[in-house]
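J.: Supplied structure: query-v7.cif, mmCIF, C-alpha atoms.
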```cif
data_my_file
#
loop_
_atom_site.label_atom_id
_atom_site.label_comp_id
_atom_site.auth_asym_id
_atom_site.auth_seq_id
_atom_site.Cartn_x
_atom_site.Cartn_y
_atom_site.Cartn_z
CA MET A 1 -8.14 -40.94 77.08
CA ASN A 2 -11.50 -41.61 75.50
CA SER A 3 -11.94 -41.78 71.73
CA VAL A 4 -12.79 -38.08 71.37
CA GLU A 5 -9.73 -37.04 73.39
CA LYS A 6 -7.52 -39.32 71.27
CA THR A 7 -8.89 -37.83 68.05
CA LEU A 8 -8.31 -34.30 69.34
CA ALA A 9 -4.76 -35.23 70.35
CA VAL A 10 -4.05 -36.47 66.81
CA LEU A 11 -5.55 -33.30 65.32
CA ARG A 12 -3.32 -31.18 67.57
CA ALA A 13 -0.31 -33.20 66.43
CA LEU A 14 -1.26 -32.61 62.80
CA SER A 15 -1.54 -28.87 63.45
CA SER A 16 1.77 -28.64 65.27
CA PRO A 17 4.55 -26.77 63.43
CA ASP A 18 7.05 -29.32 64.75
CA GLN A 19 8.27 -31.95 62.33
CA PRO A 20 8.05 -34.76 61.38
CA ARG A 21 4.44 -35.97 61.44
CA ARG A 22 4.83 -39.65 60.60
CA LEU A 23 2.70 -42.28 62.28
CA ALA A 24 5.36 -43.26 64.83
CA ASP A 25 6.04 -39.62 65.71
CA ILE A 26 2.34 -38.84 66.11
CA ALA A 27 1.86 -41.90 68.31
CA GLU A 28 4.83 -40.95 70.48
CA ARG A 29 3.78 -37.31 70.75
CA THR A 30 0.18 -38.15 71.69
CA GLY A 31 0.88 -41.19 73.87
CA ILE A 32 -1.52 -43.25 71.73
CA ASN A 33 -0.49 -46.70 70.50
CA LYS A 34 0.37 -46.90 66.81
CA ALA A 35 -2.60 -49.09 65.86
CA THR A 36 -5.11 -46.64 67.36
CA ALA A 37 -3.30 -43.60 65.95
CA HIS A 38 -3.28 -45.22 62.50
CA ARG A 39 -7.02 -45.96 62.69
CA ILE A 40 -7.76 -42.34 63.67
CA LEU A 41 -5.54 -41.04 60.86
CA GLN A 42 -7.33 -43.27 58.35
CA ILE A 43 -10.70 -41.83 59.40
CA LEU A 44 -9.38 -38.24 59.33
CA THR A 45 -7.86 -38.80 55.88
CA ALA A 46 -11.10 -40.29 54.53
CA GLU A 47 -13.01 -37.25 55.79
CA GLY A 48 -10.48 -34.76 54.43
CA TYR A 49 -9.15 -33.61 57.81
CA ALA A 50 -5.72 -35.09 57.08
CA VAL A 51 -3.69 -35.85 53.96
CA THR A 52 -0.79 -38.22 53.37
CA ARG A 53 2.37 -37.31 51.54
CA GLY A 54 4.71 -39.43 49.49
CA ASP A 55 7.29 -39.59 52.28
CA GLY A 56 4.81 -41.25 54.66
CA ALA A 57 4.13 -38.12 56.70
CA TYR A 58 0.71 -36.64 57.42
CA ALA A 59 -0.45 -33.02 57.19
CA SER A 60 -3.59 -31.01 57.88
CA GLY A 61 -6.22 -31.68 55.23
CA PRO A 62 -8.46 -29.22 53.36
CA ALA A 63 -11.47 -29.93 55.59
CA LEU A 64 -9.51 -29.01 58.72
CA LEU A 65 -8.12 -25.89 57.05
CA ALA A 66 -11.58 -24.88 55.83
CA LEU A 67 -12.91 -25.32 59.36
CA ALA A 68 -10.13 -23.10 60.65
CA GLY A 69 -10.98 -20.54 57.97
CA SER A 70 -14.61 -20.52 59.09
CA ALA A 71 -13.52 -19.98 62.68
CA LEU A 72 -11.40 -17.05 61.60
CA ALA A 73 -14.34 -15.57 59.74
CA ASP A 74 -16.48 -15.95 62.84
CA ARG A 75 -14.04 -13.69 64.68
CA ASP A 76 -15.03 -10.96 62.20
CA LEU A 77 -11.50 -10.37 61.01
CA GLY A 78 -12.92 -8.30 58.19
CA ALA A 79 -14.17 -5.71 60.66
CA VAL A 80 -10.68 -5.48 62.15
CA ALA A 81 -9.09 -5.01 58.74
CA LYS A 82 -11.67 -2.67 57.18
CA PRO A 83 -10.46 0.70 58.60
CA ILE A 84 -6.88 -0.17 57.67
CA LEU A 85 -7.99 -1.05 54.14
CA GLU A 86 -9.91 2.21 53.89
CA ASN A 87 -6.76 4.11 54.82
CA LEU A 88 -4.79 2.13 52.23
CA GLN A 89 -7.44 2.94 49.64
CA ARG A 90 -7.20 6.65 50.45
CA GLN A 91 -3.42 6.51 50.14
CA THR A 92 -3.43 4.76 46.78
CA GLY A 93 -6.80 5.46 45.18
CA HIS A 94 -7.04 1.77 44.32
CA ASN A 95 -9.20 -1.13 45.51
CA ALA A 96 -7.90 -2.61 48.76
CA HIS A 97 -8.63 -6.15 49.94
CA PHE A 98 -8.09 -8.48 52.87
CA ALA A 99 -8.46 -12.24 52.50
CA VAL A 100 -7.71 -15.27 54.65
CA ARG A 101 -6.74 -18.75 53.62
CA SER A 102 -9.43 -21.42 53.72
CA GLY A 103 -7.90 -24.72 52.71
CA THR A 104 -6.47 -24.38 49.21
CA VAL A 105 -8.08 -21.00 48.44
CA ALA A 106 -8.29 -17.52 49.96
CA VAL A 107 -11.58 -15.84 50.83
CA TYR A 108 -12.14 -12.08 50.76
CA LEU A 109 -13.30 -10.84 54.17
CA ALA A 110 -13.10 -7.09 53.53
CA LYS A 111 -12.84 -4.66 50.62
CA ALA A 112 -12.45 -0.90 50.28
CA ALA A 113 -13.48 0.19 46.78
CA GLY A 114 -11.20 2.57 44.91
CA ARG A 115 -11.98 5.93 43.36
CA GLN A 116 -11.63 4.69 39.79
CA PRO A 117 -14.59 4.85 37.37
CA TYR A 118 -14.72 1.06 37.06
CA GLU A 119 -15.85 -1.77 39.33
CA MET A 120 -13.56 -4.68 40.17
CA SER A 121 -15.06 -8.17 40.13
CA SER A 122 -13.87 -8.89 43.68
CA ARG A 123 -16.42 -9.06 46.50
CA VAL A 124 -16.54 -10.10 50.14
CA GLY A 125 -17.02 -13.87 50.38
CA MET A 126 -15.45 -14.52 46.97
CA GLN A 127 -12.84 -17.29 46.78
CA VAL A 128 -9.60 -16.84 44.83
CA ALA A 129 -6.81 -19.22 43.91
CA LEU A 130 -3.49 -19.03 45.73
CA HIS A 131 -1.06 -19.66 42.88
CA CYS A 132 -2.10 -16.76 40.65
CA THR A 133 -3.10 -13.90 42.96
CA ALA A 134 -0.98 -11.41 44.89
CA ILE A 135 -2.81 -12.35 48.07
CA GLY A 136 -2.24 -16.04 47.47
CA LYS A 137 1.42 -15.72 46.51
CA ALA A 138 2.16 -13.47 49.50
CA LEU A 139 0.67 -16.17 51.72
CA LEU A 140 2.38 -19.10 49.99
CA ALA A 141 5.77 -17.35 50.18
CA SER A 142 5.43 -17.29 53.97
CA LEU A 143 4.61 -21.00 54.37
CA PRO A 144 7.07 -23.91 54.67
CA GLU A 145 7.97 -25.44 51.31
CA GLU A 146 6.48 -28.83 52.18
CA GLU A 147 3.16 -27.17 53.02
CA VAL A 148 3.20 -25.29 49.72
CA ARG A 149 3.92 -28.54 47.88
CA ALA A 150 0.97 -30.17 49.67
CA ILE A 151 -1.29 -27.32 48.54
CA ILE A 152 -0.03 -27.62 44.97
CA ALA A 153 -0.56 -31.39 45.04
CA ALA A 154 -4.11 -30.91 46.32
CA THR A 155 -4.93 -28.48 43.49
CA SER A 156 -2.92 -30.14 40.71
CA PRO A 157 -2.96 -29.38 37.88
CA LEU A 158 -2.78 -25.66 38.59
CA ILE A 159 -5.45 -23.85 36.59
CA ARG A 160 -4.34 -21.36 33.93
CA HIS A 161 -6.62 -18.32 34.30
CA THR A 162 -4.79 -16.15 31.74
CA PRO A 163 -1.77 -16.56 29.44
CA ALA A 164 0.38 -15.07 32.24
CA THR A 165 -0.66 -17.60 34.93
CA ILE A 166 2.21 -19.62 36.36
CA VAL A 167 1.14 -23.27 36.32
CA GLU A 168 4.51 -25.04 36.58
CA PRO A 169 5.31 -25.82 40.25
CA GLU A 170 9.04 -25.10 39.99
CA ARG A 171 8.40 -21.77 38.28
CA LEU A 172 5.97 -20.96 41.05
CA PHE A 173 8.65 -21.70 43.66
CA GLU A 174 11.00 -19.33 41.82
CA GLU A 175 8.29 -16.68 41.94
CA LEU A 176 7.76 -17.25 45.67
CA ALA A 177 11.49 -16.78 46.25
CA ALA A 178 11.22 -13.42 44.45
CA VAL A 179 8.26 -12.51 46.68
CA ARG A 180 10.37 -13.17 49.77
CA ARG A 181 13.22 -11.03 48.40
CA ARG A 182 10.88 -8.11 47.60
CA GLY A 183 8.75 -8.43 50.70
CA TYR A 184 5.52 -8.34 48.70
CA ALA A 185 3.83 -10.25 45.87
CA VAL A 186 2.75 -9.05 42.44
CA ASP A 187 -0.03 -10.48 40.29
CA ASP A 188 0.69 -9.21 36.79
CA GLU A 189 -2.47 -10.20 34.88
CA GLU A 190 -2.12 -13.76 36.23
CA ASN A 191 -5.64 -14.06 37.64
CA GLU A 192 -7.53 -11.61 35.42
CA ARG A 193 -6.56 -9.95 32.15
CA ASP A 194 -5.80 -6.23 32.44
CA VAL A 195 -5.62 -6.35 36.26
CA ARG A 196 -2.49 -5.93 38.40
CA CYS A 197 -2.32 -6.47 42.17
CA VAL A 198 0.22 -6.07 44.96
CA GLY A 199 -0.14 -8.17 48.13
CA ALA A 200 1.57 -8.66 51.50
CA VAL A 201 1.11 -11.35 54.13
CA VAL A 202 -0.94 -10.93 57.32
CA CYS A 203 -0.15 -13.00 60.43
CA ASP A 204 -2.12 -13.80 63.57
CA ARG A 205 -1.05 -13.25 67.16
CA GLN A 206 1.26 -16.31 67.07
CA GLY A 207 2.95 -15.02 63.92
CA THR A 208 1.26 -17.67 61.76
CA PRO A 209 0.48 -16.52 58.18
CA ILE A 210 -3.31 -16.52 57.79
CA GLY A 211 -3.95 -14.31 54.76
CA ALA A 212 -2.89 -11.12 53.03
CA ALA A 213 -3.81 -7.54 52.17
CA SER A 214 -3.64 -6.19 48.62
CA VAL A 215 -4.38 -3.34 46.25
CA SER A 216 -5.70 -3.96 42.74
CA ALA A 217 -6.15 -1.81 39.66
CA LEU A 218 -6.29 -1.99 35.88
CA THR A 219 -2.92 -2.34 34.20
CA TYR A 220 -3.01 1.07 32.52
CA THR A 221 -3.04 2.73 35.96
CA LEU A 222 -0.22 0.62 37.44
CA ASP A 223 3.20 0.56 35.76
CA ASP A 224 6.38 -0.96 37.19
CA ASP A 225 7.31 2.25 39.03
CA ASP A 226 3.84 2.36 40.60
CA LEU A 227 4.26 -1.22 41.84
CA GLY A 228 7.51 -0.28 43.55
CA VAL A 229 5.75 2.58 45.36
CA LEU A 230 2.67 0.55 46.28
CA GLY A 231 4.60 -2.44 47.64
CA PRO A 232 5.82 -0.77 50.86
CA LEU A 233 2.40 0.80 51.45
CA VAL A 234 0.70 -2.60 51.22
CA VAL A 235 3.34 -4.15 53.49
CA THR A 236 2.71 -1.43 56.08
CA ALA A 237 -1.06 -1.99 55.89
CA ALA A 238 -0.62 -5.76 56.22
CA ASP A 239 1.63 -5.26 59.25
CA ARG A 240 -0.99 -2.99 60.81
CA ILE A 241 -3.67 -5.64 60.34
CA SER A 242 -1.35 -8.22 61.90
CA SER A 243 -0.79 -5.89 64.87
CA ALA A 244 -4.54 -5.32 65.18
CA LEU A 245 -4.97 -9.09 65.36
CA GLY A 246 -2.57 -9.19 68.28
CA ARG A 247 0.71 -10.09 66.60
CA ARG A 248 3.62 -9.19 68.83
CA SER A 249 6.57 -7.27 67.39
CA ASP A 250 8.93 -10.16 68.30
CA THR A 251 7.05 -12.81 66.24
#
```
Could the structure of this file be written out as structure tokens, please?
T.:
Amino acid sequence: MNSVEKTLAVLRALSSPDQPRRLADIAERTGINKATAHRILQILTAEGYAVTRGDGAYASGPALLALAGSALADRDLGAVAKPILENLQRQTGHNAHFAVRSGTVAVYLAKAAGRQPYEMSSRVGMQVALHCTAIGKALLASLPEEEVRAIIAATSPLIRHTPATIVEPERLFEELAAVRRRGYAVDDEENERDVRCVGAVVCDRQGTPIGAASVSALTYTLDDDDLGVLGPLVVTAADRISSALGRRSDT
């Protein structure tokens, strides 16, 4: 292999869902000697394409994830999601969104504005945090714990956007467990005051979580009973987007 092929082999190893991803394992998996693999990993880490963890393992870095997010955007995923969001908006009367993960944030790719006499601050292209939004929590709840911890470490300390924002990692993990039990995430004034959101994860054709769909509204229009009704509708919309992206029913 030439140097480019070796670098690509290491990147593929970093992106593999198989564990572990320590130097020796990456060298064995790629067929590259440990000294060369270590040199490549050092360069990738310096450029942000890889990150190291306390246990000596490596993971995909924010630059690699951002590059993947840009590639997803190039596929015009927003256009795929837009008619499904418009249907969700008609069902609920509320703002509907679709966002994909780009590194340690999510980026809105599509929005269907609600029928309410107010304008939400969200817009296509806007970045939002993962730890305090329904879209972000729906996505985090679908990722392996070690990947979530890597995201938290990369964004530590977690920013408090409102008094309701969860900024303690262990409390966030408790919240993500609740998301998995419910099947959808709730942002209860955690990102913006007076705004509630419900979100559900969207997966690609391999079944990999890439983002989420959501509905958002002011708190006075969404009580706890409303959230319970909206949750299944958002889950259905998210599943439809996943299917439109090619996800098979067995993934």
J.: Compare A:Gly136, A:Gly207, A:Gly199, A:Gly231 by their minimum atom-to-atom distance to Leu172 in chain A, counting only C-alpha atoms, and give me the closest one.
T.: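 Closest to Leu172 in chain A of all the choices is A:Gly136.
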J.: With the file shown as input, list the residues that the PyMOL selection byres ((chain A and resi 153) around 12) selects, as a compact mmCIF listing (two decimals) with C-alpha atoms, keeping the file's coordinate frame.
T.:
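Printed below is expr.txt as written:
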```txt
# COMPACT_ATOMS: atom_id res chain seq x y z
CA VAL A 51 -3.69 -35.85 53.96
CA THR A 52 -0.79 -38.22 53.37
CA ARG A 53 2.37 -37.31 51.54
CA GLY A 54 4.71 -39.43 49.49
CA GLY A 61 -6.22 -31.68 55.23
CA PRO A 62 -8.46 -29.22 53.36
CA THR A 104 -6.47 -24.38 49.21
CA HIS A 131 -1.06 -19.66 42.88
CA GLU A 146 6.48 -28.83 52.18
CA GLU A 147 3.16 -27.17 53.02
CA VAL A 148 3.20 -25.29 49.72
CA ARG A 149 3.92 -28.54 47.88
CA ALA A 150 0.97 -30.17 49.67
CA ILE A 151 -1.29 -27.32 48.54
CA ILE A 152 -0.03 -27.62 44.97
CA ALA A 154 -4.11 -30.91 46.32
CA THR A 155 -4.93 -28.48 43.49
CA SER A 156 -2.92 -30.14 40.71
CA PRO A 157 -2.96 -29.38 37.88
CA LEU A 158 -2.78 -25.66 38.59
CA GLU A 168 4.51 -25.04 36.58
CA PRO A 169 5.31 -25.82 40.25
```
J.: In Å to one decimal, how far is CA of Ser60 in chain A from CA of Thr45 in chain A?
T.: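 For CA of Thr45 in chain A relative to CA of Ser60 in chain A, the distance reads 9.1 Å.
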J.: Between A:Cys132, A:Ala79, A:Ala46, A:Ala27, which residue has the minimum interatomic distance to Ala110 in chain A, considering all atoms listed in the file?
T.: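 Under the stated criterion, the closest residue is A:Ala79.
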J.: Choose the residue, out of A:Met120, A:Val105, A:Ile32, A:Leu41, that has the smallest atom-to-atom separation from Glu192 in chain A; count only C-alpha atoms.
T.: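 Once distances to Glu192 in chain A are computed over only C-alpha atoms, the minimum belongs to A:Met120.
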J.: Smallest atom-to-atom distance to Leu23 in chain A: which of A:Gly183, A:Gly48, A:Gly56, A:Gly78, using all atoms listed in the file?
T.: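 Among the listed residues, the smallest separation from Leu23 in chain A belongs to A:Gly56.
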J.: What is the distance between CA of Val202 in chain A and CA of Tyr220 in chain A, in Å to one decimal?
T.: 27.6 Å
J.: Name the residues within 9 Å of (-5.3, -8.6, 53.0), counting all atoms listed in the file in the file's coordinates, and put them as an MDAnalysis selection string.
T.: chainID A and resid 81 85 96:100 108:111 135 199:202 211:215 234 237:238 241
J.: Save out the residues we just selected, C-alpha atoms, as a PDB file, keeping the file's coordinate frame.
T.:
```pdb
ATOM      1  CA  ALA A  81      -9.090  -5.010  58.740  1.00  0.00           C
ATOM      2  CA  LEU A  85      -7.990  -1.050  54.140  1.00  0.00           C
ATOM      3  CA  ALA A  96      -7.900  -2.610  48.760  1.00  0.00           C
ATOM      4  CA  HIS A  97      -8.630  -6.150  49.940  1.00  0.00           C
ATOM      5  CA  PHE A  98      -8.090  -8.480  52.870  1.00  0.00           C
ATOM      6  CA  ALA A  99      -8.460 -12.240  52.500  1.00  0.00           C
ATOM      7  CA  VAL A 100      -7.710 -15.270  54.650  1.00  0.00           C
ATOM      8  CA  TYR A 108     -12.140 -12.080  50.760  1.00  0.00           C
ATOM      9  CA  LEU A 109     -13.300 -10.840  54.170  1.00  0.00           C
ATOM     10  CA  ALA A 110     -13.100  -7.090  53.530  1.00  0.00           C
ATOM     11  CA  LYS A 111     -12.840  -4.660  50.620  1.00  0.00           C
ATOM     12  CA  ILE A 135      -2.810 -12.350  48.070  1.00  0.00           C
ATOM     13  CA  GLY A 199      -0.140  -8.170  48.130  1.00  0.00           C
ATOM     14  CA  ALA A 200       1.570  -8.660  51.500  1.00  0.00           C
ATOM     15  CA  VAL A 201       1.110 -11.350  54.130  1.00  0.00           C
ATOM     16  CA  VAL A 202      -0.940 -10.930  57.320  1.00  0.00           C
ATOM     17  CA  GLY A 211      -3.950 -14.310  54.760  1.00  0.00           C
ATOM     18  CA  ALA A 212      -2.890 -11.120  53.030  1.00  0.00           C
ATOM     19  CA  ALA A 213      -3.810  -7.540  52.170  1.00  0.00           C
ATOM     20  CA  SER A 214      -3.640  -6.190  48.620  1.00  0.00           C
ATOM     21  CA  VAL A 215      -4.380  -3.340  46.250  1.00  0.00           C
ATOM     22  CA  VAL A 234       0.700  -2.600  51.220  1.00  0.00           C
ATOM     23  CA  ALA A 237      -1.060  -1.990  55.890  1.00  0.00           C
ATOM     24  CA  ALA A 238      -0.620  -5.760  56.220  1.00  0.00           C
ATOM     25  CA  ILE A 241      -3.670  -5.640  60.340  1.00  0.00           C
TER      26      ILE A 241
END
```
J.: Between CA of Gly31 in chain A and CA of Lys6 in chain A, what is the spacing in Å?
T.: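 Pair CA of Lys6 in chain A / CA of Gly31 in chain A returns 9.0 Å.
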J.: Env of Pro232 in chain A: 8 Å cut, atoms = all atoms listed in the file, seq-sep filter 4 positions within chain, self excluded. Answer as a list in words.
T.: Tyr184, Gly228 and Thr236 of chain A
J.: Using C-alpha atoms, can you write the selected residues to a file as a PDB file, keeping the file's coordinate frame?
T.:
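Result file is out_25.pdb:
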```pdb
ATOM      1  CA  TYR A 184       5.520  -8.340  48.700  1.00  0.00           C
ATOM      2  CA  GLY A 228       7.510  -0.280  43.550  1.00  0.00           C
ATOM      3  CA  THR A 236       2.710  -1.430  56.080  1.00  0.00           C
TER       4      THR A 236
END
```
J.: Could you check the closest approach to Arg101 in chain A for each of A:Ala37, A:Val128, A:Ile210, A:Ala185 and tell me which residue wins, using only C-alpha atoms?
T.: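 Selected residue with least distance to Arg101 in chain A: A:Ile210.
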J.: Compare A:Asp224, A:Asp187, A:Glu145, A:Glu174 by their minimum atom-to-atom distance to Thr162 in chain A, counting only C-alpha atoms, and give me the closest one.
T.: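 Nearest to Thr162 in chain A: A:Asp187.
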J.: Could you work out an axis-aligned box for range 173-184 of chain A, taking every atom the file lists and adding 5 Å on each side, and report centre and edge lengths in Å to one decimal, as AutoDock Vina command-line options?
T.:
```
--center_x 9.4 --center_y -14.9 --center_z 46.3 --size_x 17.7 --size_y 23.6 --size_z 18.9
```
